Structures are given as structure tokens and as C-alpha cells.
file query.cif (mmCIF, C-alpha atoms (C1' of nucleotides))
data_model
loop_
_atom_site.label_atom_id
_atom_site.label_comp_id
_atom_site.auth_asym_id
_atom_site.auth_seq_id
_atom_site.Cartn_x
_atom_site.Cartn_y
_atom_site.Cartn_z
CA MET A 282 -30.26 -17.96 -8.22
CA LYS A 283 -33.51 -19.37 -6.94
CA LYS A 284 -36.60 -17.22 -7.02
CA ASN A 285 -37.85 -18.13 -3.55
CA VAL A 286 -34.48 -17.44 -1.94
CA VAL A 287 -34.18 -14.01 -3.45
CA GLY A 288 -37.86 -13.28 -2.90
CA ALA A 289 -37.35 -13.86 0.79
CA LEU A 290 -34.14 -11.91 0.71
CA PHE A 291 -35.63 -8.78 -0.71
CA SER A 292 -39.04 -8.84 0.87
CA PHE A 293 -39.84 -5.37 2.13
CA GLY A 294 -43.45 -5.96 3.10
CA GLU A 295 -46.51 -4.62 1.36
CA THR A 296 -44.90 -1.70 -0.39
CA LYS A 297 -46.95 0.17 -2.94
CA LEU A 298 -45.30 -0.31 -6.27
CA PHE A 299 -46.00 2.99 -7.95
CA PRO A 300 -45.87 5.85 -5.44
CA HIS A 301 -44.80 8.24 -8.19
CA LYS A 302 -48.41 8.29 -9.37
CA MET A 303 -49.38 10.26 -6.32
CA GLY A 304 -49.48 13.99 -6.85
CA VAL A 305 -47.89 13.84 -10.28
CA ARG A 306 -50.22 14.97 -12.96
CA VAL A 307 -47.64 16.62 -15.14
CA LEU A 308 -48.04 14.22 -17.98
CA GLN A 309 -51.74 14.82 -18.35
CA ALA A 310 -51.09 18.50 -18.92
CA VAL A 311 -48.61 17.84 -21.68
CA SER A 312 -49.82 18.43 -25.18
CA ILE A 313 -49.89 15.33 -27.32
CA HIS A 314 -49.70 17.26 -30.57
CA HIS A 315 -46.66 15.89 -32.21
CA SER A 316 -46.01 15.18 -35.82
CA PHE A 317 -44.70 11.96 -37.29
CA ASP A 318 -42.00 13.82 -39.15
CA LEU A 319 -39.93 13.71 -35.97
CA PHE A 320 -39.23 10.15 -36.92
CA SER A 321 -37.06 8.92 -39.66
CA VAL A 322 -38.92 5.79 -40.62
CA ASN A 323 -37.71 3.17 -43.06
CA LEU A 324 -40.05 1.48 -45.51
CA HIS A 325 -42.39 -0.91 -43.77
CA THR A 326 -41.79 -4.06 -45.76
CA SER A 327 -43.07 -7.50 -44.92
CA VAL A 328 -40.72 -10.42 -44.50
CA SER A 329 -41.47 -14.11 -44.47
CA HIS A 330 -40.88 -15.97 -41.25
CA LYS A 331 -41.77 -19.66 -40.90
CA GLY A 332 -44.17 -19.42 -43.81
CA ARG A 333 -46.04 -16.45 -42.38
CA SER A 334 -45.92 -12.83 -43.37
CA TYR A 335 -44.42 -10.76 -40.58
CA PHE A 336 -44.18 -7.01 -40.32
CA PRO A 337 -41.17 -6.09 -38.22
CA PRO A 338 -41.43 -2.94 -36.08
CA LYS A 339 -40.60 0.17 -38.02
CA PRO A 340 -37.02 1.12 -37.18
CA ILE A 341 -36.94 4.41 -35.36
CA ILE A 342 -33.82 6.39 -35.90
CA PHE A 343 -34.07 9.15 -33.39
CA ASP A 344 -31.41 10.97 -31.49
CA PHE A 345 -32.79 11.53 -28.00
CA ASN A 346 -29.61 13.39 -27.06
CA SER A 347 -30.71 16.24 -29.26
CA ILE A 348 -33.98 16.69 -27.35
CA ASN A 349 -33.84 18.97 -24.36
CA LYS A 350 -37.51 19.26 -23.44
CA VAL A 351 -39.12 16.50 -21.44
CA GLU A 352 -42.47 17.27 -23.08
CA ASP A 353 -41.01 16.33 -26.46
CA VAL A 354 -39.73 12.99 -25.18
CA ILE A 355 -43.14 12.27 -23.64
CA CYS A 356 -44.86 12.95 -26.97
CA ILE A 357 -42.50 10.66 -28.85
CA PHE A 358 -42.81 8.03 -26.15
CA ARG A 359 -46.62 8.07 -26.34
CA ASP A 360 -46.51 7.94 -30.09
CA MET A 361 -44.30 4.88 -29.82
CA LEU A 362 -46.80 3.27 -27.46
CA ARG A 363 -49.59 3.76 -30.02
CA ARG A 364 -47.69 2.04 -32.81
CA ARG A 365 -48.45 -1.50 -33.89
CA PRO A 366 -46.36 -3.48 -33.94
CA LEU A 367 -44.70 -1.86 -30.95
CA PRO A 368 -41.19 -0.51 -31.53
CA TYR A 369 -38.33 -2.50 -30.08
CA VAL A 370 -37.85 -2.04 -26.34
CA ILE A 371 -34.46 -0.43 -26.97
CA HIS A 372 -36.27 2.70 -28.21
CA PHE A 373 -38.40 2.87 -25.08
CA ASN A 374 -35.26 2.46 -22.99
CA LYS A 375 -33.52 5.23 -24.88
CA SER A 376 -36.41 7.59 -24.32
CA LEU A 377 -36.60 6.76 -20.61
CA THR A 378 -32.85 7.33 -20.30
CA SER A 379 -33.19 10.75 -21.88
CA VAL A 380 -35.86 11.67 -19.29
CA VAL A 381 -33.57 10.43 -16.51
CA LYS A 382 -30.73 12.56 -17.87
CA MET A 383 -33.07 15.54 -17.50
CA LYS A 384 -33.39 14.50 -13.85
CA GLN A 385 -37.15 14.02 -14.28
CA TYR A 386 -37.20 10.77 -12.33
CA SER A 387 -40.90 10.78 -11.40
CA ILE A 388 -41.86 11.35 -15.01
CA ALA A 389 -39.61 8.49 -16.13
CA LEU A 390 -41.39 6.27 -13.62
CA LEU A 391 -44.78 7.33 -14.91
CA LEU A 392 -43.72 6.47 -18.45
CA PHE A 393 -42.40 3.15 -17.19
CA ASP A 394 -45.82 2.54 -15.64
CA GLU A 395 -47.56 3.38 -18.94
CA MET A 396 -45.32 0.92 -20.74
CA ARG A 397 -46.30 -1.84 -18.37
CA GLN A 398 -49.99 -1.06 -18.55
CA LEU A 399 -49.97 -1.02 -22.34
CA GLY A 400 -48.30 -4.37 -22.49
CA VAL A 401 -44.73 -3.58 -23.56
CA PRO A 402 -42.86 -6.75 -22.58
CA ALA A 403 -40.76 -6.50 -19.43
CA HIS A 404 -37.07 -5.98 -20.05
CA ASP A 405 -34.14 -6.00 -17.67
CA TYR A 406 -32.70 -2.68 -18.88
CA THR A 407 -36.08 -0.97 -18.49
CA MET A 408 -36.53 -2.27 -14.97
CA ASN A 409 -33.02 -1.23 -14.06
CA ILE A 410 -33.81 2.28 -15.26
CA ALA A 411 -36.91 2.29 -13.04
CA ILE A 412 -34.91 1.03 -10.05
CA ASN A 413 -32.36 3.76 -10.63
CA CYS A 414 -35.13 6.38 -10.70
CA TYR A 415 -36.49 5.18 -7.36
CA CYS A 416 -32.97 5.23 -5.92
CA LEU A 417 -32.37 8.76 -7.15
CA LEU A 418 -35.66 9.75 -5.50
CA ASN A 419 -34.37 8.20 -2.27
CA ARG A 420 -36.96 5.43 -2.44
CA VAL A 421 -34.75 2.37 -2.66
CA ASP A 422 -37.44 0.18 -1.08
CA PHE A 423 -39.58 0.67 -4.17
CA GLY A 424 -36.52 -0.32 -6.18
CA PHE A 425 -36.54 -3.61 -4.28
CA SER A 426 -40.22 -4.00 -5.21
CA ILE A 427 -39.18 -3.78 -8.85
CA LEU A 428 -36.61 -6.46 -8.12
CA CYS A 429 -39.45 -8.73 -7.04
CA ASN A 430 -41.07 -7.98 -10.40
CA PHE A 431 -37.98 -9.32 -12.15
CA PHE A 432 -38.78 -12.73 -10.75
CA LYS A 433 -42.50 -12.45 -11.48
CA CYS A 434 -41.60 -11.75 -15.11
CA GLY A 435 -39.08 -14.56 -15.17
CA ILE A 436 -36.21 -12.18 -15.79
CA GLN A 437 -32.88 -12.56 -14.07
CA PRO A 438 -31.56 -9.43 -12.31
CA ASN A 439 -28.03 -8.65 -13.38
CA VAL A 440 -25.02 -6.87 -11.94
CA THR A 441 -26.43 -3.45 -12.86
CA THR A 442 -29.60 -4.23 -10.90
CA PHE A 443 -27.58 -4.97 -7.77
CA ASN A 444 -25.15 -2.11 -8.34
CA THR A 445 -28.08 0.31 -8.57
CA LEU A 446 -29.74 -1.05 -5.43
CA ILE A 447 -26.48 -0.90 -3.44
CA LYS A 448 -26.01 2.69 -4.58
CA GLY A 449 -29.63 3.42 -3.58
CA LEU A 450 -29.03 2.10 -0.07
CA PHE A 451 -25.90 4.24 0.29
CA LEU A 452 -27.82 7.27 -0.96
CA GLU A 453 -30.24 6.81 1.92
CA ASP A 454 -27.36 6.37 4.38
CA ARG A 455 -28.33 2.76 4.88
CA VAL A 456 -24.67 1.79 4.98
CA PHE A 457 -25.10 -1.41 6.96
CA GLU A 458 -27.73 -2.73 4.52
CA ALA A 459 -25.62 -1.72 1.53
CA GLU A 460 -22.63 -3.59 2.92
CA LYS A 461 -24.87 -6.56 3.73
CA LEU A 462 -26.21 -6.73 0.19
CA PHE A 463 -22.72 -6.42 -1.24
CA LYS A 464 -21.45 -9.25 0.94
CA LYS A 465 -24.47 -11.38 0.09
CA LEU A 466 -23.77 -10.76 -3.57
CA LEU A 467 -20.28 -12.18 -3.13
CA ARG A 468 -21.15 -14.97 -0.74
CA GLU A 469 -24.17 -16.31 -2.60
CA ARG A 470 -22.82 -15.48 -6.05
CA LEU A 471 -26.01 -13.65 -7.00
CA CYS A 472 -24.02 -12.14 -9.84
CA GLU A 473 -20.41 -11.47 -10.75
CA PRO A 474 -19.47 -8.05 -9.32
CA ASN A 475 -17.71 -5.73 -11.72
CA GLU A 476 -15.55 -2.63 -11.35
CA ILE A 477 -18.64 -0.45 -11.00
CA THR A 478 -19.79 -2.57 -8.04
CA PHE A 479 -16.49 -1.94 -6.30
CA LEU A 480 -16.58 1.74 -7.10
CA ILE A 481 -20.13 2.12 -5.75
CA VAL A 482 -19.18 0.32 -2.54
CA VAL A 483 -15.89 2.17 -2.03
CA ASN A 484 -17.53 5.51 -2.80
CA GLY A 485 -20.52 4.75 -0.59
CA LEU A 486 -18.31 3.77 2.34
CA CYS A 487 -16.10 6.83 1.88
CA LYS A 488 -19.00 9.28 1.65
CA ALA A 489 -20.54 7.70 4.75
CA GLY A 490 -17.33 8.34 6.67
CA HIS A 491 -16.10 4.74 6.60
CA THR A 492 -12.89 5.51 4.73
CA LEU A 493 -10.81 2.93 6.56
CA THR A 494 -13.28 0.15 5.77
CA ALA A 495 -13.05 1.21 2.13
CA PHE A 496 -9.26 1.19 2.45
CA ASP A 497 -9.35 -2.41 3.73
CA LEU A 498 -11.60 -3.41 0.84
CA VAL A 499 -9.23 -1.89 -1.71
CA MET A 500 -6.29 -3.66 -0.11
CA LEU A 501 -8.26 -6.91 -0.35
CA LEU A 502 -9.07 -6.26 -4.00
CA GLU A 503 -5.40 -5.67 -4.75
CA LYS A 504 -4.71 -9.22 -3.60
CA GLY A 505 -7.55 -10.74 -5.61
CA ARG A 506 -8.45 -11.21 -9.25
CA SER A 507 -10.47 -7.99 -9.65
CA LYS A 508 -7.88 -5.26 -9.33
CA PRO A 509 -9.15 -1.82 -8.32
CA ASN A 510 -9.30 0.59 -11.23
CA VAL A 511 -8.21 4.22 -11.33
CA ARG A 512 -11.64 5.46 -10.23
CA VAL A 513 -11.67 3.25 -7.16
CA TYR A 514 -8.16 4.40 -6.16
CA THR A 515 -9.08 8.03 -6.81
CA THR A 516 -12.24 7.83 -4.72
CA LEU A 517 -10.26 6.45 -1.81
CA ILE A 518 -7.38 8.91 -2.22
CA ASP A 519 -9.87 11.76 -2.26
CA SER A 520 -11.58 10.51 0.86
CA LEU A 521 -8.30 9.97 2.71
CA CYS A 522 -7.29 13.53 1.83
CA LYS A 523 -10.60 14.90 3.05
CA ASP A 524 -10.13 12.96 6.30
CA ARG A 525 -6.68 14.58 6.64
CA MET A 526 -4.90 11.26 6.11
CA VAL A 527 -2.68 12.74 3.42
CA ASN A 528 0.25 10.39 4.05
CA ASP A 529 -2.02 7.39 3.56
CA ALA A 530 -3.30 8.97 0.36
CA LEU A 531 0.28 9.44 -0.87
CA TYR A 532 1.02 5.83 0.02
CA LEU A 533 -2.01 4.71 -1.99
CA LEU A 534 -0.95 6.85 -4.94
CA SER A 535 2.48 5.23 -5.07
CA ASN A 536 0.91 1.83 -4.46
CA MET A 537 -1.51 2.12 -7.36
CA ILE A 538 1.35 2.97 -9.70
CA LYS A 539 3.28 -0.01 -8.32
CA GLU A 540 0.22 -2.20 -8.97
CA GLY A 541 0.15 -1.03 -12.58
CA THR A 542 -2.78 1.41 -12.43
CA SER A 543 -1.94 4.84 -13.83
CA PRO A 544 -3.32 7.85 -11.99
CA ASP A 545 -5.28 10.31 -14.12
CA ILE A 546 -6.05 14.01 -13.84
CA ILE A 547 -8.75 13.44 -11.20
CA THR A 548 -6.39 11.38 -9.06
CA TYR A 549 -3.83 14.18 -9.16
CA ASN A 550 -6.44 16.85 -8.53
CA SER A 551 -7.66 15.04 -5.42
CA MET A 552 -4.12 14.58 -4.15
CA ILE A 553 -3.18 18.19 -4.86
CA LYS A 554 -6.25 19.38 -2.97
CA GLY A 555 -5.27 17.21 -0.01
CA LEU A 556 -1.71 18.56 0.04
CA CYS A 557 -2.94 22.14 -0.34
CA ASP A 558 -5.35 21.74 2.56
CA SER A 559 -2.42 20.57 4.68
CA GLY A 560 -0.24 23.48 3.56
CA ARG A 561 2.27 21.11 1.92
CA PHE A 562 2.91 23.33 -1.08
CA GLY A 563 6.39 21.94 -1.73
CA GLU A 564 4.91 18.52 -2.37
CA VAL A 565 2.24 20.08 -4.59
CA LYS A 566 5.05 21.37 -6.75
CA ASP A 567 6.59 17.89 -6.90
CA LEU A 568 3.25 16.40 -7.89
CA LEU A 569 2.76 18.97 -10.65
CA LYS A 570 6.20 17.96 -12.01
CA GLU A 571 5.22 14.30 -11.78
CA MET A 572 2.08 15.05 -13.78
CA VAL A 573 4.23 16.51 -16.56
CA THR A 574 6.33 13.35 -16.70
CA HIS A 575 3.12 11.31 -16.95
CA LYS A 576 1.93 13.66 -19.73
CA ILE A 577 -1.08 14.79 -17.73
CA SER A 578 -1.90 18.49 -18.03
CA PRO A 579 -3.44 20.47 -15.16
CA ASP A 580 -7.06 21.37 -15.92
CA LEU A 581 -9.58 23.88 -14.62
CA PHE A 582 -10.09 21.83 -11.43
CA THR A 583 -6.34 21.82 -10.76
CA PHE A 584 -6.03 25.57 -11.19
CA ASN A 585 -9.13 26.29 -9.15
CA THR A 586 -7.73 24.22 -6.30
CA LEU A 587 -4.43 26.11 -6.47
CA VAL A 588 -6.12 29.52 -6.75
CA ASP A 589 -8.29 28.73 -3.74
CA ALA A 590 -5.36 27.42 -1.70
CA PHE A 591 -3.21 30.48 -2.43
CA CYS A 592 -6.09 32.80 -1.59
CA LYS A 593 -6.75 31.09 1.72
CA GLU A 594 -3.03 31.49 2.53
CA GLY A 595 -3.29 35.19 1.78
CA ARG A 596 -1.13 34.75 -1.34
CA VAL A 597 -3.54 36.36 -3.78
CA GLU A 598 -0.64 37.47 -6.03
CA ASP A 599 0.29 33.80 -6.53
CA ALA A 600 -3.36 33.09 -7.29
CA GLU A 601 -3.33 35.87 -9.89
CA ASP A 602 -0.22 34.23 -11.40
CA MET A 603 -2.26 31.04 -11.75
CA LEU A 604 -4.83 32.99 -13.73
CA GLU A 605 -2.09 34.19 -16.03
CA ILE A 606 -0.93 30.62 -16.62
CA MET A 607 -4.51 29.59 -17.24
CA ASN A 608 -4.79 32.34 -19.81
CA GLN A 609 -1.60 31.17 -21.54
CA ARG A 610 -3.06 27.65 -21.68
CA SER A 611 -6.44 28.85 -22.92
CA ILE A 612 -8.20 27.59 -19.79
CA SER A 613 -11.05 29.96 -18.99
CA PRO A 614 -11.73 30.70 -15.33
CA ASN A 615 -15.24 29.93 -14.10
CA VAL A 616 -17.43 30.96 -11.18
CA VAL A 617 -15.39 28.78 -8.80
CA THR A 618 -12.17 30.58 -9.77
CA TYR A 619 -13.73 34.01 -9.30
CA ASN A 620 -15.39 33.08 -6.02
CA ALA A 621 -12.04 31.90 -4.64
CA LEU A 622 -10.34 35.12 -5.77
CA ILE A 623 -13.07 37.34 -4.35
CA ASP A 624 -12.82 35.43 -1.10
CA GLY A 625 -9.04 35.89 -1.10
CA TYR A 626 -9.27 39.67 -1.50
CA CYS A 627 -12.05 39.90 1.08
CA LEU A 628 -9.90 37.99 3.58
CA ARG A 629 -7.20 40.64 3.14
CA GLY A 630 -9.74 43.44 3.45
CA GLU A 631 -9.07 44.55 -0.12
CA MET A 632 -12.70 45.13 -0.91
CA ASP A 633 -12.10 47.32 -3.97
CA LYS A 634 -10.18 44.52 -5.70
CA ALA A 635 -12.84 42.01 -4.69
CA ARG A 636 -15.55 44.29 -6.07
CA LYS A 637 -13.59 44.75 -9.29
CA ILE A 638 -13.46 40.97 -9.88
CA PHE A 639 -17.13 40.70 -9.01
CA HIS A 640 -17.96 43.25 -11.71
CA THR A 641 -15.87 41.45 -14.32
CA ILE A 642 -18.18 38.43 -13.91
CA LEU A 643 -21.35 40.47 -14.47
"C1'" DT B 107 -24.12 5.34 -26.82
"C1'" DT B 108 -29.98 0.64 -24.03
"C1'" DA B 109 -29.01 0.30 -17.49
"C1'" DG B 110 -25.02 1.40 -12.93
"C1'" DG B 111 -19.29 5.17 -11.88
"C1'" DG B 112 -14.28 9.30 -9.12
"C1'" DT B 113 -12.30 15.88 -8.51
"C1'" DT B 114 -12.56 22.28 -7.39
"C1'" DA B 115 -15.64 27.40 -3.88
"C1'" DG B 116 -19.43 28.69 -0.51
#

call {"tool": "encode", "arguments": {"input": "query.cif", "output": "C-alpha cells"}}
result
Amino acid sequence: MKKNVVGALFSFGETKLFPHKMGVRVLQAVSIHHSFDLFSVNLHTSVSHKGRSYFPPKPIIFDFNSINKVEDVICIFRDMLRRRPLPYVIHFNKSLTSVVKMKQYSIALLLFDEMRQLGVPAHDYTMNIAINCYCLLNRVDFGFSILCNFFKCGIQPNVTTFNTLIKGLFLEDRVFEAEKLFKKLLRERLCEPNEITFLIVVNGLCKAGHTLTAFDLVMLLEKGRSKPNVRVYTTLIDSLCKDRMVNDALYLLSNMIKEGTSPDIITYNSMIKGLCDSGRFGEVKDLLKEMVTHKISPDLFTFNTLVDAFCKEGRVEDAEDMLEIMNQRSISPNVVTYNALIDGYCLRGEMDKARKIFHTIL
DNA sequence: TTAGGGTTAG
């Protein structure tokens, strides 16, 4: 891919690159008191490389998954930035990912900014994380600005970069632009799309109400080299069901099996929901039997769907039976189960029973 | 497992 071509392609004018700086002063308030014992550091031994003594970065063995406070990650991150030589970029990426998992996207972007200012070399994974943060903040245009930075740094964007940007466009309801970028990706071979690309596009189209366009795409994929996976089929089946095209969803379910893709619990849950919403309880029963033959057990989602459907039909006794089966299978009801039951009793005017369930939750 | 992914109520 040529830099000038893509530069022209993704030019979004004079966009400010770091809008997250504005109004965010959280980091400055965070205490930087943090001890080194958080790290498990190996001995810092010198090695010889091309006749010169070289001190490799101290390996940091740190489990960011065990940290649940963003302030702690920030402290570790800043400590890493102070180290010389700098730790490997993988550790910075891991810390940024942990901040993203805490949904602190603006903070992740501020840390990304600090990395750049302190001279941590640019890295494709890091920039993809930053693009994703902008997308999740509904600022995909700033994500495209980062894309321009890829080229400035001489780094090639990869399929994740484009997947993230396409998802970002869909998140902002910019369906036409998302489709355009996807098509450009294919036409100009900017990168090889993968199964996540197809899922993002199918999901984006479905959520935007373009289920039939997504259907056509899946049919096209079936004929090509990249077969749709179970998630793609499930997304489409779910959307067809929500659009009341239950027969088409059933067709797709049988088609995916014919094509060699096995449905999973989420596929069945989506289909069961669709049948329930259409009052086709007989077929729900058939599907539950089919699940048994495929060795797939109903889960909390399945039972919640059934409980809700029975309650809406005024069949609260059947819903209570579901709770009994759940109990036998050691599946604990959750707030969704109880809400559906309370709703069911309220619909029948049985307020005492509804109140009784409400008090069992408290 | 260093980045991007599909389901239940209201």
C-alpha cells in the first residue's frame, strides 16, 4: 500500500490529534507513590552484542488482570516510563489494555500520549489500542488521524487497524462510510480481511437495520474462500429474528449446518428468542431437543428467554417450572429472571406474588 | 492472553 494513496484516502482535514487532553486532569491528581515491589524483576545482567556490552530491559512479570484500580495501572505505567532502558513495548501495551478493559478510554489515550512524548517507539499494537479508544469514545475521525501517524512512523496498518476503524464508523452510525471502507479494503487489497472483519461488518449492518444487506454478504461469503463462522451466522440469525423474519433465520440455521458450521449455544438462544417472540412454542420445543442431540445444554440466557416468553403469554406457572429445572441444573436465576417473573405476575394483577419475588431479591 | 468479535428483561 502506498503512503500517498492512503494518506489521501483517510484525510479528514486538520483534526486535532489529542482531544482527550481537554478537560481531563484525572491523571495529575493520581498519587505517584508506588513501590517497586509490585514488580517481579529478574537480575539485570549484561550481555555482549556485537562486541558491546548491552543491558536488556528488565523483564517485567506483572499480571495486569489482577489489578482493578486504574490508579494502580497509571502508577505502574509511569514507573515503566521512568526506567532506562525502557521496558519492552509489550508491557506498555498490556497496561493500556488493562485501562481499556476498565472502560477508561480517555485515560488510556492520555497514557498513550505520555508514551509518545517520552519517546517510546511507535508500535502498531499500541496505535491500534489508541484507535480503538477513540472509536469507543465515538471519535472515529481521531482514529483516522492515528492512521495517518502509522505512515509518518513508517508502520504498516494491519487488519486490526481497519477492523477497528470500520467498527468505529458503525458505532457512529456512519454506515455508508463503513461499507465504503470495507469495500475499499477488498478492492484495493489494503489488507487481507479476516473473520473478525466480516463479523464487524455483518454486525454493523444488522444493528443499523440493514439486515438484508448483511444477509447478501453472508450468502456471498458462503460461495467464496472465507466461509462465515458461527459468530457471523449467529449475528445474522439474531437480527433476522429481531426483524421478525423467523423463517429466514430458520433457513440460515439449517444452511449453516449444511455448510459445515455448527451452531453453538448463542445461535440457539437467538433462534429460541425469535420463535418465542412469534409464539411458535412448538418449534422451540423441537429446537431444545435438537440442542440435546448436538450436546449443547441450555444456559441462563436460554432459561431467561423462556421464562420471559411464558410470562408474557400469561403462563407464569410454566415460567415457575423453568425455575425448578434451573434449580435442578444448578443454574442460578439472576435479575433478568426475576424481572421477567415480576412482570409476569404484574400482568396478571397478582401483585402479592410479584411483591414476594421482589422481596426474595432484596 | 499484546490490538479488533455474536445472545436474555425494562

call {"tool": "interface_residues", "arguments": {"input": "query.cif", "of": "chain A", "to": "chain B", "cutoff": "7 Å", "atoms": "all atoms listed in the file", "output": "JSON, numbers by chain"}}
result
{"A": [371, 374, 375, 406, 409, 410, 441, 444, 445, 477, 480, 481, 512, 513, 515, 516, 547, 550, 551, 582, 585, 586, 617, 620, 621]}

call {"tool": "resolve_selection", "arguments": {"input": "query.cif", "expression": "the PyMOL selection byres ((chain A and resi 529-543) around 12)", "output": "MDAnalysis selection string"}}
result
chainID A and resid 492:493 496:497 499:500 502:504 508:528 544:556 564:565 568 571:572 575:577

call {"tool": "write_last_selection", "arguments": {"input": "query.cif", "atoms": "C-alpha atoms", "output": "tab-separated table (two decimals), in the frame of the given file"}}
result
chain	number	residue	atom	x	y	z
A	492	THR	CA	-12.89	5.51	4.73
A	493	LEU	CA	-10.81	2.93	6.56
A	496	PHE	CA	-9.26	1.19	2.45
A	497	ASP	CA	-9.35	-2.41	3.73
A	499	VAL	CA	-9.23	-1.89	-1.71
A	500	MET	CA	-6.29	-3.66	-0.11
A	502	LEU	CA	-9.07	-6.26	-4.00
A	503	GLU	CA	-5.40	-5.67	-4.75
A	504	LYS	CA	-4.71	-9.22	-3.60
A	508	LYS	CA	-7.88	-5.26	-9.33
A	509	PRO	CA	-9.15	-1.82	-8.32
A	510	ASN	CA	-9.30	0.59	-11.23
A	511	VAL	CA	-8.21	4.22	-11.33
A	512	ARG	CA	-11.64	5.46	-10.23
A	513	VAL	CA	-11.67	3.25	-7.16
A	514	TYR	CA	-8.16	4.40	-6.16
A	515	THR	CA	-9.08	8.03	-6.81
A	516	THR	CA	-12.24	7.83	-4.72
A	517	LEU	CA	-10.26	6.45	-1.81
A	518	ILE	CA	-7.38	8.91	-2.22
A	519	ASP	CA	-9.87	11.76	-2.26
A	520	SER	CA	-11.58	10.51	0.86
A	521	LEU	CA	-8.30	9.97	2.71
A	522	CYS	CA	-7.29	13.53	1.83
A	523	LYS	CA	-10.60	14.90	3.05
A	524	ASP	CA	-10.13	12.96	6.30
A	525	ARG	CA	-6.68	14.58	6.64
A	526	MET	CA	-4.90	11.26	6.11
A	527	VAL	CA	-2.68	12.74	3.42
A	528	ASN	CA	0.25	10.39	4.05
A	544	PRO	CA	-3.32	7.85	-11.99
A	545	ASP	CA	-5.28	10.31	-14.12
A	546	ILE	CA	-6.05	14.01	-13.84
A	547	ILE	CA	-8.75	13.44	-11.20
A	548	THR	CA	-6.39	11.38	-9.06
A	549	TYR	CA	-3.83	14.18	-9.16
A	550	ASN	CA	-6.44	16.85	-8.53
A	551	SER	CA	-7.66	15.04	-5.42
A	552	MET	CA	-4.12	14.58	-4.15
A	553	ILE	CA	-3.18	18.19	-4.86
A	554	LYS	CA	-6.25	19.38	-2.97
A	555	GLY	CA	-5.27	17.21	-0.01
A	556	LEU	CA	-1.71	18.56	0.04
A	564	GLU	CA	4.91	18.52	-2.37
A	565	VAL	CA	2.24	20.08	-4.59
A	568	LEU	CA	3.25	16.40	-7.89
A	571	GLU	CA	5.22	14.30	-11.78
A	572	MET	CA	2.08	15.05	-13.78
A	575	HIS	CA	3.12	11.31	-16.95
A	576	LYS	CA	1.93	13.66	-19.73
A	577	ILE	CA	-1.08	14.79	-17.73

call {"tool": "atom_distance", "arguments": {"input": "query.cif", "atom1": "atom CA of A:Asp405", "atom2": "atom CA of A:Leu377"}}
result
13.3 Å

call {"tool": "atom_distance", "arguments": {"input": "query.cif", "atom1": "atom CA of A:Phe451", "atom2": "atom CA of A:Thr407"}}
result
22.0 Å

call {"tool": "resolve_selection", "arguments": {"input": "query.cif", "expression": "the PyMOL selection byres ((chain A and resi 591-605) around 12)", "output": "PyMOL selection string"}}
result
(chain A and resi 554+557-562+565+579-581+583-590+606-615+618-631+634-635+638) or (chain B and resi 115)

call {"tool": "residues_near_point", "arguments": {"input": "query.cif", "point": "(-26.3, 9.2, -1.4)", "cutoff": "10 Å", "atoms": "only C-alpha atoms (C1' of nucleotides)", "output": "list in words"}}
result
Cys416, Leu417, Asn419, Lys448, Gly449, Leu450, Phe451, Leu452, Glu453, Asp454, Arg455, Val456, Asn484, Gly485, Lys488 and Ala489 of chain A

call {"tool": "atom_distance", "arguments": {"input": "query.cif", "atom1": "atom CA of A:Ile355", "atom2": "atom CA of A:Cys414"}}
result
16.3 Å
